Amino acid sequence: MKTRKVNWILTLIMSILFGALGVDRFIMGHVGLGILKLITFGGCGIWWLVDLILIATKHEFDGIEWTDK
């Protein structure tokens, strides 16, 4: 699997503001999960909160390499 470099700060900000719409997952290249998150409004807020915590702690998602630039 190819590693995708993703700006951590941008993803965190987008997750805070638009995480319930799946924007953070779209940024990370997880389109299928982004669509699911979009139609469930972030899993009624639960999925949004879990993703927010994972992104804030720089969790190692499959195929994602966090960058600060």
# chains A, B, ... in the order shown; residues from 1 in each chain; ligands from 1
call {"tool": "residues_around", "arguments": {"residues": "stretch 10-25 of chain A", "least_positions_apart": "5", "cutoff": "7 Å", "atoms": "only C-alpha atoms", "output": "PDB file with N, CA and C atoms, in the first residue's frame"}}
result
ATOM      1  N   HIS A  30      -9.717   8.301   2.463  1.00  0.00           N
ATOM      2  CA  HIS A  30     -10.656   7.226   2.799  1.00  0.00           C
ATOM      3  C   HIS A  30     -12.058   7.642   2.343  1.00  0.00           C
ATOM      4  N   VAL A  31     -12.277   7.575   1.044  1.00  0.00           N
ATOM      5  CA  VAL A  31     -13.513   8.088   0.443  1.00  0.00           C
ATOM      6  C   VAL A  31     -14.740   7.310   0.919  1.00  0.00           C
ATOM      7  N   LEU A  33     -15.239   5.643   3.720  1.00  0.00           N
ATOM      8  CA  LEU A  33     -15.558   6.005   5.106  1.00  0.00           C
ATOM      9  C   LEU A  33     -16.048   7.442   5.194  1.00  0.00           C
ATOM     10  N   GLY A  34     -15.539   8.307   4.341  1.00  0.00           N
ATOM     11  CA  GLY A  34     -16.006   9.692   4.304  1.00  0.00           C
ATOM     12  C   GLY A  34     -17.474   9.780   3.916  1.00  0.00           C
ATOM     13  N   ILE A  35     -17.873   8.977   2.935  1.00  0.00           N
ATOM     14  CA  ILE A  35     -19.275   8.962   2.510  1.00  0.00           C
ATOM     15  C   ILE A  35     -20.163   8.415   3.622  1.00  0.00           C
ATOM     16  N   LYS A  37     -19.570   8.499   6.812  1.00  0.00           N
ATOM     17  CA  LYS A  37     -19.595   9.513   7.866  1.00  0.00           C
ATOM     18  C   LYS A  37     -20.505  10.670   7.473  1.00  0.00           C
ATOM     19  N   LEU A  38     -20.509  11.008   6.192  1.00  0.00           N
ATOM     20  CA  LEU A  38     -21.362  12.091   5.691  1.00  0.00           C
ATOM     21  C   LEU A  38     -22.839  11.760   5.852  1.00  0.00           C
ATOM     22  N   PHE A  41     -23.979  11.668   9.537  1.00  0.00           N
ATOM     23  CA  PHE A  41     -23.616  12.867  10.301  1.00  0.00           C
ATOM     24  C   PHE A  41     -22.614  12.543  11.399  1.00  0.00           C
ATOM     25  N   GLY A  42     -21.545  11.882  10.993  1.00  0.00           N
ATOM     26  CA  GLY A  42     -20.469  11.549  11.926  1.00  0.00           C
ATOM     27  C   GLY A  42     -20.872  10.489  12.926  1.00  0.00           C
ATOM     28  N   GLY A  45     -22.392  11.920  15.884  1.00  0.00           N
ATOM     29  CA  GLY A  45     -21.435  12.626  16.717  1.00  0.00           C
ATOM     30  C   GLY A  45     -20.388  11.741  17.363  1.00  0.00           C
ATOM     31  N   TRP A  48     -17.461  11.125  14.887  1.00  0.00           N
ATOM     32  CA  TRP A  48     -16.741  12.391  14.764  1.00  0.00           C
ATOM     33  C   TRP A  48     -15.799  12.582  15.952  1.00  0.00           C
ATOM     34  N   LEU A  52     -11.761  12.672  15.859  1.00  0.00           N
ATOM     35  CA  LEU A  52     -11.108  13.877  16.351  1.00  0.00           C
ATOM     36  C   LEU A  52      -9.993  13.528  17.337  1.00  0.00           C
ATOM     37  N   ILE A  55      -7.082  11.765  15.399  1.00  0.00           N
ATOM     38  CA  ILE A  55      -6.292  12.703  14.606  1.00  0.00           C
ATOM     39  C   ILE A  55      -5.461  13.595  15.531  1.00  0.00           C
ATOM     40  N   ALA A  56      -6.043  14.057  16.627  1.00  0.00           N
ATOM     41  CA  ALA A  56      -5.320  14.928  17.558  1.00  0.00           C
ATOM     42  C   ALA A  56      -4.107  14.233  18.166  1.00  0.00           C
TER      43      ALA A  56
END
call {"tool": "closest_residue", "arguments": {"among": "A:Ile27, A:Leu36, A:Gly43, A:Arg4", "to": "A:Glu60", "atoms": "only C-alpha atoms"}}
result
A:Arg4
call {"tool": "select_by_dssp", "arguments": {"residues": "chain A", "states": "strand (DSSP E)", "output": "VMD selection string"}}
result
chain A and resid 4 to 7 64 to 67
call {"tool": "write_last_selection", "arguments": {"atoms": "C-alpha atoms", "output": "mmCIF file, in the first residue's frame"}}
result
data_model
loop_
_atom_site.group_PDB
_atom_site.id
_atom_site.type_symbol
_atom_site.label_atom_id
_atom_site.label_comp_id
_atom_site.auth_asym_id
_atom_site.auth_seq_id
_atom_site.Cartn_x
_atom_site.Cartn_y
_atom_site.Cartn_z
ATOM 1 C CA ARG A 4 0.050 9.218 1.533
ATOM 2 C CA LYS A 5 1.512 12.335 3.188
ATOM 3 C CA VAL A 6 -1.215 14.316 4.926
ATOM 4 C CA ASN A 7 -0.913 17.678 6.678
ATOM 5 C CA ILE A 64 -1.126 7.821 6.175
ATOM 6 C CA GLU A 65 2.067 9.647 7.085
ATOM 7 C CA TRP A 66 1.448 12.812 9.108
ATOM 8 C CA THR A 67 3.384 15.943 8.151
#
call {"tool": "closest_residue", "arguments": {"among": "A:Gly32, A:Asp62, A:Leu54, A:Thr40", "to": "A:Trp8", "atoms": "only C-alpha atoms"}}
result
A:Leu54
call {"tool": "closest_residue", "arguments": {"among": "A:Met28, A:Cys44, A:Leu49, A:Ile39", "to": "A:Thr3", "atoms": "only C-alpha atoms"}}
result
A:Met28
call {"tool": "select_by_dssp", "arguments": {"residues": "chain A", "states": "alpha helix (DSSP H)", "output": "mmCIF file with N, CA, C and O atoms, in the first residue's frame"}}
result
data_model
loop_
_atom_site.group_PDB
_atom_site.id
_atom_site.type_symbol
_atom_site.label_atom_id
_atom_site.label_comp_id
_atom_site.auth_asym_id
_atom_site.auth_seq_id
_atom_site.Cartn_x
_atom_site.Cartn_y
_atom_site.Cartn_z
ATOM 1 N N TRP A 8 -1.102 17.279 9.055
ATOM 2 C CA TRP A 8 -1.787 16.977 10.305
ATOM 3 C C TRP A 8 -2.605 18.166 10.809
ATOM 4 O O TRP A 8 -3.757 17.999 11.231
ATOM 5 N N ILE A 9 -2.048 19.354 10.749
ATOM 6 C CA ILE A 9 -2.737 20.531 11.275
ATOM 7 C C ILE A 9 -4.004 20.827 10.466
ATOM 8 O O ILE A 9 -5.069 21.089 11.030
ATOM 9 N N LEU A 10 -3.898 20.773 9.149
ATOM 10 C CA LEU A 10 -5.059 21.001 8.296
ATOM 11 C C LEU A 10 -6.145 19.965 8.572
ATOM 12 O O LEU A 10 -7.323 20.297 8.708
ATOM 13 N N THR A 11 -5.755 18.707 8.678
ATOM 14 C CA THR A 11 -6.720 17.640 8.927
ATOM 15 C C THR A 11 -7.388 17.819 10.279
ATOM 16 O O THR A 11 -8.601 17.619 10.414
ATOM 17 N N LEU A 12 -6.626 18.210 11.289
ATOM 18 C CA LEU A 12 -7.189 18.435 12.620
ATOM 19 C C LEU A 12 -8.202 19.573 12.608
ATOM 20 O O LEU A 12 -9.306 19.436 13.152
ATOM 21 N N ILE A 13 -7.856 20.676 11.964
ATOM 22 C CA ILE A 13 -8.779 21.817 11.892
ATOM 23 C C ILE A 13 -10.046 21.445 11.127
ATOM 24 O O ILE A 13 -11.162 21.757 11.557
ATOM 25 N N MET A 14 -9.878 20.752 10.004
ATOM 26 C CA MET A 14 -11.050 20.344 9.217
ATOM 27 C C MET A 14 -11.900 19.334 9.983
ATOM 28 O O MET A 14 -13.127 19.329 9.858
ATOM 29 N N SER A 15 -11.259 18.493 10.789
ATOM 30 C CA SER A 15 -11.998 17.531 11.595
ATOM 31 C C SER A 15 -12.825 18.239 12.662
ATOM 32 O O SER A 15 -13.967 17.857 12.927
ATOM 33 N N ILE A 16 -12.254 19.278 13.269
ATOM 34 C CA ILE A 16 -12.983 20.033 14.286
ATOM 35 C C ILE A 16 -14.202 20.724 13.664
ATOM 36 O O ILE A 16 -15.304 20.661 14.206
ATOM 37 N N LEU A 17 -13.984 21.360 12.517
ATOM 38 C CA LEU A 17 -15.040 22.158 11.900
ATOM 39 C C LEU A 17 -16.050 21.335 11.098
ATOM 40 O O LEU A 17 -17.255 21.591 11.158
ATOM 41 N N PHE A 18 -15.547 20.366 10.310
ATOM 42 C CA PHE A 18 -16.416 19.645 9.381
ATOM 43 C C PHE A 18 -16.314 18.131 9.511
ATOM 44 O O PHE A 18 -16.646 17.401 8.582
ATOM 45 N N VAL A 23 -15.228 15.248 6.126
ATOM 46 C CA VAL A 23 -14.177 15.950 5.389
ATOM 47 C C VAL A 23 -12.796 15.421 5.761
ATOM 48 O O VAL A 23 -11.928 15.262 4.904
ATOM 49 N N ASP A 24 -12.587 15.122 7.043
ATOM 50 C CA ASP A 24 -11.284 14.615 7.480
ATOM 51 C C ASP A 24 -10.939 13.288 6.811
ATOM 52 O O ASP A 24 -9.804 13.061 6.409
ATOM 53 N N ARG A 25 -11.910 12.426 6.650
ATOM 54 C CA ARG A 25 -11.677 11.143 5.977
ATOM 55 C C ARG A 25 -11.415 11.328 4.493
ATOM 56 O O ARG A 25 -10.605 10.612 3.904
ATOM 57 N N PHE A 26 -12.091 12.290 3.873
ATOM 58 C CA PHE A 26 -11.828 12.570 2.467
ATOM 59 C C PHE A 26 -10.400 13.078 2.285
ATOM 60 O O PHE A 26 -9.711 12.701 1.334
ATOM 61 N N ILE A 27 -9.926 13.937 3.199
ATOM 62 C CA ILE A 27 -8.563 14.457 3.126
ATOM 63 C C ILE A 27 -7.554 13.317 3.222
ATOM 64 O O ILE A 27 -6.540 13.310 2.530
ATOM 65 N N VAL A 31 -12.277 7.575 1.044
ATOM 66 C CA VAL A 31 -13.513 8.088 0.443
ATOM 67 C C VAL A 31 -14.740 7.310 0.919
ATOM 68 O O VAL A 31 -15.767 7.899 1.263
ATOM 69 N N GLY A 32 -14.644 6.009 0.967
ATOM 70 C CA GLY A 32 -15.779 5.197 1.408
ATOM 71 C C GLY A 32 -16.203 5.529 2.825
ATOM 72 O O GLY A 32 -17.396 5.696 3.109
ATOM 73 N N LEU A 33 -15.239 5.643 3.720
ATOM 74 C CA LEU A 33 -15.558 6.005 5.106
ATOM 75 C C LEU A 33 -16.048 7.442 5.194
ATOM 76 O O LEU A 33 -16.912 7.758 6.021
ATOM 77 N N GLY A 34 -15.539 8.307 4.341
ATOM 78 C CA GLY A 34 -16.006 9.692 4.304
ATOM 79 C C GLY A 34 -17.474 9.780 3.916
ATOM 80 O O GLY A 34 -18.243 10.544 4.503
ATOM 81 N N ILE A 35 -17.873 8.977 2.935
ATOM 82 C CA ILE A 35 -19.275 8.962 2.510
ATOM 83 C C ILE A 35 -20.163 8.415 3.622
ATOM 84 O O ILE A 35 -21.232 8.966 3.906
ATOM 85 N N LEU A 36 -19.728 7.345 4.276
ATOM 86 C CA LEU A 36 -20.504 6.796 5.395
ATOM 87 C C LEU A 36 -20.642 7.811 6.522
ATOM 88 O O LEU A 36 -21.714 7.962 7.116
ATOM 89 N N LYS A 37 -19.570 8.499 6.812
ATOM 90 C CA LYS A 37 -19.595 9.513 7.866
ATOM 91 C C LYS A 37 -20.505 10.670 7.473
ATOM 92 O O LYS A 37 -21.207 11.221 8.315
ATOM 93 N N LEU A 38 -20.509 11.008 6.192
ATOM 94 C CA LEU A 38 -21.362 12.091 5.691
ATOM 95 C C LEU A 38 -22.839 11.760 5.852
ATOM 96 O O LEU A 38 -23.614 12.575 6.359
ATOM 97 N N ILE A 39 -23.237 10.568 5.438
ATOM 98 C CA ILE A 39 -24.676 10.234 5.479
ATOM 99 C C ILE A 39 -25.179 9.892 6.877
ATOM 100 O O ILE A 39 -26.382 9.903 7.108
ATOM 101 N N PHE A 41 -23.979 11.668 9.537
ATOM 102 C CA PHE A 41 -23.616 12.867 10.301
ATOM 103 C C PHE A 41 -22.614 12.543 11.399
ATOM 104 O O PHE A 41 -22.792 12.861 12.569
ATOM 105 N N GLY A 42 -21.545 11.882 10.993
ATOM 106 C CA GLY A 42 -20.469 11.549 11.926
ATOM 107 C C GLY A 42 -20.872 10.489 12.926
ATOM 108 O O GLY A 42 -20.378 10.464 14.045
ATOM 109 N N GLY A 43 -21.740 9.567 12.498
ATOM 110 C CA GLY A 43 -22.217 8.528 13.411
ATOM 111 C C GLY A 43 -22.935 9.140 14.597
ATOM 112 O O GLY A 43 -22.718 8.735 15.741
ATOM 113 N N CYS A 44 -23.788 10.132 14.312
ATOM 114 C CA CYS A 44 -24.517 10.895 15.342
ATOM 115 C C CYS A 44 -23.556 11.543 16.340
ATOM 116 O O CYS A 44 -23.863 11.668 17.520
ATOM 117 N N ILE A 46 -20.678 10.465 17.500
ATOM 118 C CA ILE A 46 -19.748 9.555 18.174
ATOM 119 C C ILE A 46 -18.529 9.309 17.304
ATOM 120 O O ILE A 46 -17.382 9.410 17.771
ATOM 121 N N TRP A 47 -18.751 8.965 16.041
ATOM 122 C CA TRP A 47 -17.655 8.705 15.115
ATOM 123 C C TRP A 47 -16.806 9.954 14.935
ATOM 124 O O TRP A 47 -15.587 9.897 14.864
ATOM 125 N N TRP A 48 -17.461 11.125 14.887
ATOM 126 C CA TRP A 48 -16.741 12.391 14.764
ATOM 127 C C TRP A 48 -15.799 12.582 15.952
ATOM 128 O O TRP A 48 -14.638 12.943 15.771
ATOM 129 N N LEU A 49 -16.285 12.337 17.166
ATOM 130 C CA LEU A 49 -15.469 12.520 18.362
ATOM 131 C C LEU A 49 -14.294 11.543 18.398
ATOM 132 O O LEU A 49 -13.170 11.933 18.721
ATOM 133 N N VAL A 50 -14.539 10.299 18.033
ATOM 134 C CA VAL A 50 -13.469 9.293 18.002
ATOM 135 C C VAL A 50 -12.403 9.690 16.986
ATOM 136 O O VAL A 50 -11.206 9.660 17.282
ATOM 137 N N ASP A 51 -12.812 10.075 15.781
ATOM 138 C CA ASP A 51 -11.851 10.504 14.763
ATOM 139 C C ASP A 51 -11.090 11.745 15.206
ATOM 140 O O ASP A 51 -9.892 11.862 14.957
ATOM 141 N N LEU A 52 -11.761 12.672 15.859
ATOM 142 C CA LEU A 52 -11.108 13.877 16.351
ATOM 143 C C LEU A 52 -9.993 13.528 17.337
ATOM 144 O O LEU A 52 -8.882 14.046 17.249
ATOM 145 N N ILE A 53 -10.269 12.616 18.247
ATOM 146 C CA ILE A 53 -9.261 12.188 19.221
ATOM 147 C C ILE A 53 -8.111 11.466 18.525
ATOM 148 O O ILE A 53 -6.943 11.711 18.817
ATOM 149 N N LEU A 54 -8.431 10.584 17.574
ATOM 150 C CA LEU A 54 -7.387 9.848 16.852
ATOM 151 C C LEU A 54 -6.490 10.786 16.053
ATOM 152 O O LEU A 54 -5.270 10.628 16.047
ATOM 153 N N ILE A 55 -7.082 11.765 15.399
ATOM 154 C CA ILE A 55 -6.292 12.703 14.606
ATOM 155 C C ILE A 55 -5.461 13.595 15.531
ATOM 156 O O ILE A 55 -4.288 13.849 15.263
ATOM 157 N N ALA A 56 -6.043 14.057 16.627
ATOM 158 C CA ALA A 56 -5.320 14.928 17.558
ATOM 159 C C ALA A 56 -4.107 14.233 18.166
ATOM 160 O O ALA A 56 -3.094 14.874 18.455
#
